[in-house]
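All remarks here apply to the structure that follows.
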Number of protein chains: 2
Amino acid sequence: MSSAELDEMIKALSHPVRRDILYWLKQPELFFSDQQHPLSFGVCAGMIDQKAGLSQSTISAHLATLQRAGFISSKKVGQWNFFTRNEAVIQQFLTRLHEQL
Amino acid sequence: MSSAELDEMIKALSHPVRRDILYWLKQPELFFSDQQHPLSFGVCAGMIDQKAGLSQSTISAHLATLQRAGFISSKKVGQWNFFTRNEAVIQQFLTRLHEQL
């Protein structure tokens, strides 16, 4: 993880909605229990829009930022995009931040 | 620590020079052993300029950002400003980030 990558990851976390999304994705069965598709696919973007009470385009931009930073991955199933956390990357990030602070 | 305060703290860490400064201030006896004043005062801004190889005004702005975020404190002794880490705040921040991620 380079210093520039670390910068990008930290910036991705500097918005409360993006931190909320990561937190919700940590416990999908708690926050997205009403999703019709299996949660094993991940959480559908539409469910995240609804939970955040924000427009599709706003959430889509936040998801793209989190994905560029490496915190989440997406999987396309049919017409839907499902998102999951990259736990290994998140742990690596926290360890690196601990070391540097 | 409010969400807005957390935002400000995260933004303060999104620049590599600011992360370097925090890291150096963690071990002043290692990185600033040539300071004339006692390190118990903290580290003089001029020593940080020199270590970073950046101008006084640039470092001064970075130090102000870190101070606003609560990560460091300053003490004026004579004509010098000395900086120290706020370990309690840094630990609180890391704990909060761990909980939220």
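Chain lettering (A, B, ...) mirrors the order of the structure tokens, residue numbering begins at 1 for each chain separately, and ligand numbering begins at 1 in order of display.
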Taking only C-alpha atoms into account, which residues of chain B are within 9 Å of chain A, as an MDAnalysis selection string?
-> chainID B and resid 3:4 6:11 13:16 19:20 22:23 26 90 94 97:101
Could you give me, as a list of chain:residue names, the residues within 8 Å of stretch 50-64 of chain A, counting only C-alpha atoms and dropping anything in the same chain fewer than 5 positions from it?
->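 Here the answer would be A:Val17, A:Arg18, A:Ala45, A:Ile72.
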If you count only C-alpha atoms, which residues fall within 10 Å of A:His37, apart from same-chain ones fewer than 5 positions away, as a ChimeraX atom specification?
-> /A:42-44,77,80,82
Å distance separating atom CA of A:Gln92 from atom CA of A:Met1, one decimal place =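 Atom-to-atom, atom CA of A:Gln92 to atom CA of A:Met1, that is 8.7 Å.
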Mind the document's chain letters and residue numbers, and return as a ChimeraX atom specification the residues of chain A that DSSP labels strand (DSSP E).
-> /A:43-44,72-77,80-85
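Interatomic distance, atom CA of A:Ile48 to atom CA of A:Ser73: 14.3 Å.
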As a check of understanding: the span from atom CA of B:Ala69 to atom CA of B:Glu5 is 7.3 Å
Please report, as a PyMOL selection string, each residue of chain A to which DSSP assigns alpha helix (DSSP H) when run on this structure's backbone.
-> chain A and resi 3-12+16-26+28-31+45-52+56-68+87-100
